[in-house]
Structure formats: C-alpha cells, structure tokens
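For reference, entry17.pdb is printed below; it contains PDB, C-alpha atoms.
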ATOM      1  CA  MET A1474     -27.801  37.674 -20.325  1.00  0.00           C
ATOM      2  CA  THR A1475     -27.124  37.207 -24.045  1.00  0.00           C
ATOM      3  CA  ARG A1476     -25.572  33.806 -23.412  1.00  0.00           C
ATOM      4  CA  ILE A1477     -28.626  32.671 -21.463  1.00  0.00           C
ATOM      5  CA  VAL A1478     -31.017  33.708 -24.248  1.00  0.00           C
ATOM      6  CA  LEU A1479     -28.858  32.136 -26.960  1.00  0.00           C
ATOM      7  CA  ARG A1480     -28.446  28.955 -24.933  1.00  0.00           C
ATOM      8  CA  ARG A1481     -32.193  28.636 -24.319  1.00  0.00           C
ATOM      9  CA  LEU A1482     -32.941  29.186 -27.993  1.00  0.00           C
ATOM     10  CA  ALA A1483     -30.268  26.644 -28.930  1.00  0.00           C
ATOM     11  CA  ILE A1484     -31.748  24.117 -26.507  1.00  0.00           C
ATOM     12  CA  ALA A1485     -35.224  24.688 -27.964  1.00  0.00           C
ATOM     13  CA  MET A1486     -33.860  24.150 -31.469  1.00  0.00           C
ATOM     14  CA  ALA A1487     -32.027  21.006 -30.369  1.00  0.00           C
ATOM     15  CA  MET A1488     -35.252  19.698 -28.834  1.00  0.00           C
ATOM     16  CA  ALA A1489     -37.033  20.310 -32.143  1.00  0.00           C
ATOM     17  CA  GLY A1490     -34.183  18.520 -33.895  1.00  0.00           C
ATOM     18  CA  GLY A1491     -34.578  15.642 -31.455  1.00  0.00           C
ATOM     19  CA  VAL A1492     -38.277  15.358 -32.298  1.00  0.00           C
ATOM     20  CA  LEU A1493     -37.391  15.325 -36.002  1.00  0.00           C
ATOM     21  CA  LEU A1494     -34.738  12.671 -35.396  1.00  0.00           C
ATOM     22  CA  LEU A1495     -37.173  10.512 -33.426  1.00  0.00           C
ATOM     23  CA  SER A1496     -39.687  10.925 -36.258  1.00  0.00           C
ATOM     24  CA  ALA A1497     -37.065   9.771 -38.750  1.00  0.00           C
ATOM     25  CA  ILE A1498     -36.298   6.750 -36.581  1.00  0.00           C
ATOM     26  CA  GLY A1499     -40.013   5.934 -36.358  1.00  0.00           C
ATOM     27  CA  ILE A1500     -40.459   6.204 -40.124  1.00  0.00           C
ATOM     28  CA  SER A1501     -37.428   4.016 -40.706  1.00  0.00           C
ATOM     29  CA  LEU A1502     -38.647   1.415 -38.219  1.00  0.00           C
ATOM     30  CA  LEU A1503     -42.148   1.334 -39.689  1.00  0.00           C
ATOM     31  CA  SER A1504     -40.754   1.035 -43.191  1.00  0.00           C
ATOM     32  CA  MET A1505     -38.436  -1.835 -42.216  1.00  0.00           C
ATOM     33  CA  LEU A1506     -41.222  -3.663 -40.397  1.00  0.00           C
ATOM     34  CA  GLY A1507     -43.567  -3.125 -43.332  1.00  0.00           C
ATOM     35  CA  ARG A1508     -40.927  -4.409 -45.725  1.00  0.00           C
ATOM     36  CA  ARG A1509     -40.167  -7.533 -43.681  1.00  0.00           C
ATOM     37  CA  LEU A1510     -43.637  -8.451 -42.433  1.00  0.00           C
ATOM     38  CA  TRP A1511     -45.983  -7.400 -45.231  1.00  0.00           C
ATOM     39  CA  SER A1512     -43.669  -6.624 -48.177  1.00  0.00           C
ATOM     40  CA  ALA A1513     -45.045  -3.084 -48.046  1.00  0.00           C
ATOM     41  CA  PRO A1514     -42.452  -0.466 -47.056  1.00  0.00           C
ATOM     42  CA  ILE A1515     -43.372   3.190 -46.674  1.00  0.00           C
ATOM     43  CA  SER A1516     -43.213   4.721 -50.112  1.00  0.00           C
ATOM     44  CA  GLY A1517     -40.583   7.468 -50.286  1.00  0.00           C
ATOM     45  CA  ASP A1518     -39.140   6.652 -46.877  1.00  0.00           C
ATOM     46  CA  ILE A1519     -35.598   7.517 -47.959  1.00  0.00           C
ATOM     47  CA  GLU A1520     -36.715  10.944 -49.193  1.00  0.00           C
ATOM     48  CA  LEU A1521     -38.439  11.641 -45.892  1.00  0.00           C
ATOM     49  CA  LEU A1522     -35.403  10.468 -43.921  1.00  0.00           C
ATOM     50  CA  GLN A1523     -33.048  12.675 -45.919  1.00  0.00           C
ATOM     51  CA  MET A1524     -35.212  15.741 -45.399  1.00  0.00           C
ATOM     52  CA  LEU A1525     -35.796  15.115 -41.691  1.00  0.00           C
ATOM     53  CA  ILE A1526     -32.124  14.420 -40.949  1.00  0.00           C
ATOM     54  CA  ALA A1527     -30.951  17.530 -42.848  1.00  0.00           C
ATOM     55  CA  VAL A1528     -33.264  19.771 -40.832  1.00  0.00           C
ATOM     56  CA  ALA A1529     -32.429  17.958 -37.563  1.00  0.00           C
ATOM     57  CA  VAL A1530     -28.684  18.433 -38.075  1.00  0.00           C
ATOM     58  CA  ALA A1531     -29.207  22.149 -38.709  1.00  0.00           C
ATOM     59  CA  CYS A1532     -31.179  22.299 -35.446  1.00  0.00           C
ATOM     60  CA  PHE A1533     -28.399  20.625 -33.417  1.00  0.00           C
ATOM     61  CA  LEU A1534     -25.536  22.867 -34.556  1.00  0.00           C
ATOM     62  CA  PRO A1535     -26.341  25.990 -32.463  1.00  0.00           C
ATOM     63  CA  LEU A1536     -26.283  24.053 -29.172  1.00  0.00           C
ATOM     64  CA  CYS A1537     -22.948  22.542 -30.100  1.00  0.00           C
ATOM     65  CA  GLU A1538     -21.539  26.013 -30.801  1.00  0.00           C
ATOM     66  CA  ILE A1539     -22.953  27.837 -27.774  1.00  0.00           C
ATOM     67  CA  ASN A1540     -21.510  25.104 -25.531  1.00  0.00           C
ATOM     68  CA  ASP A1541     -18.194  25.322 -27.440  1.00  0.00           C
ATOM     69  CA  ARG A1542     -18.187  21.590 -28.161  1.00  0.00           C
ATOM     70  CA  HIS A1543     -16.997  21.477 -31.750  1.00  0.00           C
ATOM     71  CA  ILE A1544     -14.130  19.157 -32.563  1.00  0.00           C
ATOM     72  CA  ARG A1545     -10.740  20.825 -32.379  1.00  0.00           C
ATOM     73  CA  VAL A1546      -7.325  19.571 -33.347  1.00  0.00           C
ATOM     74  CA  ASP A1547      -4.824  21.201 -30.995  1.00  0.00           C
ATOM     75  CA  ILE A1548      -1.603  19.837 -32.438  1.00  0.00           C
ATOM     76  CA  VAL A1549      -0.004  23.256 -32.862  1.00  0.00           C
ATOM     77  CA  GLY A1550      -1.918  24.854 -30.002  1.00  0.00           C
ATOM     78  CA  THR A1551      -0.166  22.835 -27.323  1.00  0.00           C
ATOM     79  CA  PHE A1552       3.105  24.600 -28.147  1.00  0.00           C
ATOM     80  CA  LEU A1553       1.657  28.121 -28.167  1.00  0.00           C
ATOM     81  CA  PRO A1554       0.881  30.505 -25.290  1.00  0.00           C
ATOM     82  CA  ALA A1555      -2.667  30.534 -23.898  1.00  0.00           C
ATOM     83  CA  LEU A1556      -3.328  34.078 -25.128  1.00  0.00           C
ATOM     84  CA  PHE A1557      -2.446  33.080 -28.694  1.00  0.00           C
ATOM     85  CA  ASN A1558      -4.682  29.995 -28.429  1.00  0.00           C
ATOM     86  CA  ARG A1559      -7.613  32.153 -27.307  1.00  0.00           C
ATOM     87  CA  ALA A1560      -7.006  34.498 -30.245  1.00  0.00           C
ATOM     88  CA  LEU A1561      -7.004  31.534 -32.659  1.00  0.00           C
ATOM     89  CA  LEU A1562     -10.220  30.294 -31.092  1.00  0.00           C
ATOM     90  CA  ALA A1563     -11.839  33.724 -31.521  1.00  0.00           C
ATOM     91  CA  ILE A1564     -10.813  33.731 -35.184  1.00  0.00           C
ATOM     92  CA  ALA A1565     -12.195  30.199 -35.642  1.00  0.00           C
ATOM     93  CA  HIS A1566     -15.553  31.216 -34.148  1.00  0.00           C
ATOM     94  CA  LEU A1567     -15.630  34.331 -36.339  1.00  0.00           C
ATOM     95  CA  VAL A1568     -14.893  32.288 -39.469  1.00  0.00           C
ATOM     96  CA  LEU A1569     -17.690  29.886 -38.491  1.00  0.00           C
ATOM     97  CA  ALA A1570     -20.052  32.849 -38.116  1.00  0.00           C
ATOM     98  CA  LEU A1571     -19.073  34.113 -41.582  1.00  0.00           C
ATOM     99  CA  VAL A1572     -19.454  30.673 -43.161  1.00  0.00           C
ATOM    100  CA  SER A1573     -22.804  30.336 -41.432  1.00  0.00           C
ATOM    101  CA  GLY A1574     -23.918  33.645 -42.909  1.00  0.00           C
ATOM    102  CA  LEU A1575     -22.840  32.444 -46.335  1.00  0.00           C
ATOM    103  CA  LEU A1576     -24.799  29.205 -45.845  1.00  0.00           C
ATOM    104  CA  VAL A1577     -27.925  31.117 -44.784  1.00  0.00           C
ATOM    105  CA  TRP A1578     -27.697  33.317 -47.853  1.00  0.00           C
ATOM    106  CA  ARG A1579     -27.123  30.460 -50.298  1.00  0.00           C
ATOM    107  CA  THR A1580     -29.691  28.149 -48.695  1.00  0.00           C
ATOM    108  CA  ALA A1581     -32.282  30.920 -48.786  1.00  0.00           C
ATOM    109  CA  LEU A1582     -31.560  31.463 -52.490  1.00  0.00           C
ATOM    110  CA  LEU A1583     -31.821  27.707 -53.056  1.00  0.00           C
ATOM    111  CA  ALA A1584     -35.191  27.606 -51.281  1.00  0.00           C
ATOM    112  CA  LEU A1585     -36.434  30.570 -53.334  1.00  0.00           C
ATOM    113  CA  ASP A1586     -35.310  28.920 -56.569  1.00  0.00           C
ATOM    114  CA  SER A1587     -36.962  25.656 -55.538  1.00  0.00           C
ATOM    115  CA  LEU A1588     -40.175  27.543 -54.807  1.00  0.00           C
ATOM    116  CA  THR A1589     -40.000  29.521 -58.066  1.00  0.00           C
ATOM    117  CA  TYR A1590     -39.389  26.456 -60.223  1.00  0.00           C
ATOM    118  CA  ASN A1591     -41.703  24.196 -58.199  1.00  0.00           C
ATOM    119  CA  ALA A1592     -38.929  21.660 -57.515  1.00  0.00           C
ATOM    120  CA  GLN A1593     -40.295  18.517 -55.883  1.00  0.00           C
ATOM    121  CA  SER A1594     -38.919  15.295 -54.485  1.00  0.00           C
ATOM    122  CA  VAL A1595     -38.981  12.424 -56.968  1.00  0.00           C
ATOM    123  CA  GLN A1596     -41.210   9.863 -55.247  1.00  0.00           C
ATOM    124  CA  LEU A1597     -43.465  11.840 -52.939  1.00  0.00           C
ATOM    125  CA  GLY A1598     -43.605  15.144 -54.754  1.00  0.00           C
ATOM    126  CA  ILE A1599     -42.795  17.116 -51.602  1.00  0.00           C
ATOM    127  CA  PRO A1600     -41.840  20.699 -52.483  1.00  0.00           C
ATOM    128  CA  GLN A1601     -38.083  20.922 -51.885  1.00  0.00           C
ATOM    129  CA  TRP A1602     -38.252  24.485 -50.625  1.00  0.00           C
ATOM    130  CA  ILE A1603     -39.942  23.300 -47.409  1.00  0.00           C
ATOM    131  CA  PRO A1604     -36.995  21.375 -45.888  1.00  0.00           C
ATOM    132  CA  GLN A1605     -34.554  23.892 -47.349  1.00  0.00           C
ATOM    133  CA  ALA A1606     -36.355  26.772 -45.656  1.00  0.00           C
ATOM    134  CA  ALA A1607     -36.697  24.722 -42.462  1.00  0.00           C
ATOM    135  CA  MET A1608     -32.897  24.521 -42.233  1.00  0.00           C
ATOM    136  CA  LEU A1609     -32.498  28.318 -42.256  1.00  0.00           C
ATOM    137  CA  PRO A1610     -33.297  29.034 -38.569  1.00  0.00           C
ATOM    138  CA  GLY A1611     -30.757  26.465 -37.370  1.00  0.00           C
ATOM    139  CA  ILE A1612     -28.009  27.745 -39.627  1.00  0.00           C
ATOM    140  CA  ALA A1613     -28.772  31.379 -38.737  1.00  0.00           C
ATOM    141  CA  MET A1614     -28.765  30.535 -35.028  1.00  0.00           C
ATOM    142  CA  LEU A1615     -25.413  28.783 -35.510  1.00  0.00           C
ATOM    143  CA  GLY A1616     -24.042  32.020 -36.927  1.00  0.00           C
ATOM    144  CA  LEU A1617     -25.344  34.064 -33.993  1.00  0.00           C
ATOM    145  CA  CYS A1618     -23.883  31.626 -31.478  1.00  0.00           C
ATOM    146  CA  ALA A1619     -20.537  31.612 -33.294  1.00  0.00           C
ATOM    147  CA  LEU A1620     -20.456  35.411 -33.379  1.00  0.00           C
ATOM    148  CA  TYR A1621     -21.241  35.524 -29.666  1.00  0.00           C
ATOM    149  CA  GLN A1622     -18.472  32.997 -28.944  1.00  0.00           C
ATOM    150  CA  SER A1623     -15.989  35.018 -30.974  1.00  0.00           C
ATOM    151  CA  ILE A1624     -16.853  38.215 -29.093  1.00  0.00           C
ATOM    152  CA  ARG A1625     -16.670  36.339 -25.799  1.00  0.00           C
ATOM    153  CA  CYS A1626     -13.187  35.034 -26.664  1.00  0.00           C
ATOM    154  CA  VAL A1627     -11.986  38.560 -27.464  1.00  0.00           C
ATOM    155  CA  ALA A1628     -13.513  39.895 -24.235  1.00  0.00           C
ATOM    156  CA  ASP A1629     -11.855  37.077 -22.277  1.00  0.00           C
ATOM    157  CA  ASP A1630      -8.544  37.946 -23.972  1.00  0.00           C
ATOM    158  CA  ALA A1631      -8.901  41.591 -22.966  1.00  0.00           C
ATOM    159  CA  GLU A1632      -9.763  40.574 -19.402  1.00  0.00           C
ATOM    160  CA  ALA A1633      -6.829  38.145 -19.233  1.00  0.00           C
ATOM    161  CA  THR A1634      -4.442  40.790 -20.590  1.00  0.00           C
ATOM    162  CA  ALA A1635      -5.701  43.335 -18.060  1.00  0.00           C
ATOM    163  CA  SER A1636      -5.297  40.909 -15.170  1.00  0.00           C
ATOM    164  CA  GLU A1637      -1.750  40.053 -16.336  1.00  0.00           C
ATOM    165  CA  GLY A1638      -0.962  43.774 -16.384  1.00  0.00           C
ATOM    166  CA  ASP A1639      -2.264  44.106 -12.816  1.00  0.00           C
ATOM    167  CA  ARG A1640       0.072  41.353 -11.640  1.00  0.00           C
ATOM    168  CA  LEU A1641       3.137  43.003 -13.166  1.00  0.00           C
TER     169      LEU A1641
END
Let me see the file written as structure tokens.
Amino acid sequence: MTRIVLRRLAIAMAMAGGVLLLSAIGISLLSMLGRRLWSAPISGDIELLQMLIAVAVACFLPLCEINDRHIRVDIVGTFLPALFNRALLAIAHLVLALVSGLLVWRTALLALDSLTYNAQSVQLGIPQWIPQAAMLPGIAMLGLCALYQSIRCVADDAEATASEGDRL
C-alpha cells in the first residue's frame, strides 16, 4: 500500500516536472525565434530556464528512486553473494535518504535566507526563494522514497534469509 501511494505521488511530481520542462522548452524556443526573426529575445530567458530546470529535476528524482532506476556501478557487486549485494543496496538507499534530508534542511534554510534578505534574480528581479522553496517537495519526496526502498531491501533480505533457512 505504501509503495502504491509513494509511486502515485512520485508520478504526479514527475508530471509537474514534465510541465515545467515543457514550459522551459517553450520559453527557449520563443526566445530563439524572437532573437532570430525580430532581434528581440525574451528578456531574462536564461534565468527562467535555470529556475524551471532546477525545480523540474527535483520533481523527477522521486520517480527515479521509487522505481529503483538510479545508475549503479556493479564492478565489485558481481563477485559478491546476492545477500551482500542487497545489503549494500539497502545501505545506498539509506544514505540517499540521509543526503536528501540534509538537502531539504539546507535548501529550506537557503530559501528562508533568500526571503529574509530579499534576494532576487539579476535581470527579472524574481525572488530567489520561490524556486528554492519549489524544489523542497521533490527533494523531500526523494528522501521518503529512498527510505522506503531501504526498508524494502532489508525486508527482502529478511525474507530471503528465512526462505534459505526453510530449504536447509
């Protein structure tokens, strides 16, 4: 049940990230056309693209984690037993959850500082706390998905160990 809820939330976030990415593509296209056809690009287009892409990437990460599709290098893992590999994977997911928690904390502090000091983008004057705060749900959801994956790996290890004991 937990996996279904997390997966649906991750899909919803990825869809929102997709809308943001399509918006960034549209802005980029309009700016390029304006630059080439009328010598009038969209002012501050690079700032908008940077903000939109940062939030979109944060939105895509939970779906990647809940589907267990992060890049892995299994050079050492091919020589180790399956149980040990699952334990390493559980540790990797747990470390990702901890790093995600650290990122949520620091990004939230960054957004609060940006709000307090009224930090704005250079060309458009967009308050920087807005995209920073918009990244928080994606990063937090990444941490939840990573924690779930870590627990699932440990539960699978316990189940695999129990089934091996039954066979002996």
Distance in Å - atom CA of Leu1506 of chain A versus atom CA of Met1608 of chain A = 29.4 Å
Work out how far atom CA of Ser1594 of chain A is from atom CA of Leu1510 of chain A, in Å to one decimal.
-> 27.0 Å
Can you give me, as a PDB file with C-alpha atoms, in the coordinates of the input, the residues this file yields under the PyMOL selection byres ((chain A and resi 1613-1626) around 10)?
ATOM      1  CA  THR A1475     -27.124  37.207 -24.045  1.00  0.00           C
ATOM      2  CA  ARG A1476     -25.572  33.806 -23.412  1.00  0.00           C
ATOM      3  CA  LEU A1479     -28.858  32.136 -26.960  1.00  0.00           C
ATOM      4  CA  ARG A1480     -28.446  28.955 -24.933  1.00  0.00           C
ATOM      5  CA  LEU A1482     -32.941  29.186 -27.993  1.00  0.00           C
ATOM      6  CA  ALA A1483     -30.268  26.644 -28.930  1.00  0.00           C
ATOM      7  CA  MET A1486     -33.860  24.150 -31.469  1.00  0.00           C
ATOM      8  CA  ALA A1531     -29.207  22.149 -38.709  1.00  0.00           C
ATOM      9  CA  CYS A1532     -31.179  22.299 -35.446  1.00  0.00           C
ATOM     10  CA  PHE A1533     -28.399  20.625 -33.417  1.00  0.00           C
ATOM     11  CA  LEU A1534     -25.536  22.867 -34.556  1.00  0.00           C
ATOM     12  CA  PRO A1535     -26.341  25.990 -32.463  1.00  0.00           C
ATOM     13  CA  LEU A1536     -26.283  24.053 -29.172  1.00  0.00           C
ATOM     14  CA  CYS A1537     -22.948  22.542 -30.100  1.00  0.00           C
ATOM     15  CA  GLU A1538     -21.539  26.013 -30.801  1.00  0.00           C
ATOM     16  CA  ILE A1539     -22.953  27.837 -27.774  1.00  0.00           C
ATOM     17  CA  ASN A1540     -21.510  25.104 -25.531  1.00  0.00           C
ATOM     18  CA  ASP A1541     -18.194  25.322 -27.440  1.00  0.00           C
ATOM     19  CA  ARG A1559      -7.613  32.153 -27.307  1.00  0.00           C
ATOM     20  CA  ALA A1560      -7.006  34.498 -30.245  1.00  0.00           C
ATOM     21  CA  LEU A1561      -7.004  31.534 -32.659  1.00  0.00           C
ATOM     22  CA  LEU A1562     -10.220  30.294 -31.092  1.00  0.00           C
ATOM     23  CA  ALA A1563     -11.839  33.724 -31.521  1.00  0.00           C
ATOM     24  CA  ILE A1564     -10.813  33.731 -35.184  1.00  0.00           C
ATOM     25  CA  ALA A1565     -12.195  30.199 -35.642  1.00  0.00           C
ATOM     26  CA  HIS A1566     -15.553  31.216 -34.148  1.00  0.00           C
ATOM     27  CA  LEU A1567     -15.630  34.331 -36.339  1.00  0.00           C
ATOM     28  CA  VAL A1568     -14.893  32.288 -39.469  1.00  0.00           C
ATOM     29  CA  LEU A1569     -17.690  29.886 -38.491  1.00  0.00           C
ATOM     30  CA  ALA A1570     -20.052  32.849 -38.116  1.00  0.00           C
ATOM     31  CA  LEU A1571     -19.073  34.113 -41.582  1.00  0.00           C
ATOM     32  CA  VAL A1572     -19.454  30.673 -43.161  1.00  0.00           C
ATOM     33  CA  SER A1573     -22.804  30.336 -41.432  1.00  0.00           C
ATOM     34  CA  GLY A1574     -23.918  33.645 -42.909  1.00  0.00           C
ATOM     35  CA  LEU A1575     -22.840  32.444 -46.335  1.00  0.00           C
ATOM     36  CA  LEU A1576     -24.799  29.205 -45.845  1.00  0.00           C
ATOM     37  CA  VAL A1577     -27.925  31.117 -44.784  1.00  0.00           C
ATOM     38  CA  TRP A1578     -27.697  33.317 -47.853  1.00  0.00           C
ATOM     39  CA  MET A1608     -32.897  24.521 -42.233  1.00  0.00           C
ATOM     40  CA  LEU A1609     -32.498  28.318 -42.256  1.00  0.00           C
ATOM     41  CA  PRO A1610     -33.297  29.034 -38.569  1.00  0.00           C
ATOM     42  CA  GLY A1611     -30.757  26.465 -37.370  1.00  0.00           C
ATOM     43  CA  ILE A1612     -28.009  27.745 -39.627  1.00  0.00           C
ATOM     44  CA  VAL A1627     -11.986  38.560 -27.464  1.00  0.00           C
ATOM     45  CA  ALA A1628     -13.513  39.895 -24.235  1.00  0.00           C
ATOM     46  CA  ASP A1629     -11.855  37.077 -22.277  1.00  0.00           C
ATOM     47  CA  ASP A1630      -8.544  37.946 -23.972  1.00  0.00           C
ATOM     48  CA  ALA A1631      -8.901  41.591 -22.966  1.00  0.00           C
ATOM     49  CA  GLU A1632      -9.763  40.574 -19.402  1.00  0.00           C
TER      50      GLU A1632
END
Using the chain letters and numbering of this document, enumerate as a PDB file with C-alpha atoms, in the frame of the given file the residues selected by the PyMOL selection byres ((chain A and resi 1497) around 8).
ATOM      1  CA  LEU A1493     -37.391  15.325 -36.002  1.00  0.00           C
ATOM      2  CA  LEU A1494     -34.738  12.671 -35.396  1.00  0.00           C
ATOM      3  CA  LEU A1495     -37.173  10.512 -33.426  1.00  0.00           C
ATOM      4  CA  SER A1496     -39.687  10.925 -36.258  1.00  0.00           C
ATOM      5  CA  ILE A1498     -36.298   6.750 -36.581  1.00  0.00           C
ATOM      6  CA  GLY A1499     -40.013   5.934 -36.358  1.00  0.00           C
ATOM      7  CA  ILE A1500     -40.459   6.204 -40.124  1.00  0.00           C
ATOM      8  CA  SER A1501     -37.428   4.016 -40.706  1.00  0.00           C
ATOM      9  CA  LEU A1521     -38.439  11.641 -45.892  1.00  0.00           C
ATOM     10  CA  LEU A1522     -35.403  10.468 -43.921  1.00  0.00           C
ATOM     11  CA  LEU A1525     -35.796  15.115 -41.691  1.00  0.00           C
ATOM     12  CA  ILE A1526     -32.124  14.420 -40.949  1.00  0.00           C
TER      13      ILE A1526
END
Distance of atom CA of Ile1599 of chain A from atom CA of Arg1509 of chain A, expressed in Å to one decimal place =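 Straight-line distance from atom CA of Arg1509 of chain A to atom CA of Ile1599 of chain A works out to 26.0 Å.
Using only C-alpha atoms, the nearest neighbour of Ser1504 of chain A within the list A:Ile1519, A:Ala1487, A:Ala1527, A:Ala1606 is A:Ile1519.
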Counting all atoms listed in the file, the residue of A:Ile1477, A:Leu1588, A:Val1546, A:Asp1518 that sits nearest Met1505 of chain A |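 Of A:Ile1477, A:Leu1588, A:Val1546, A:Asp1518, the one nearest Met1505 of chain A, counting all atoms listed in the file, is A:Asp1518.
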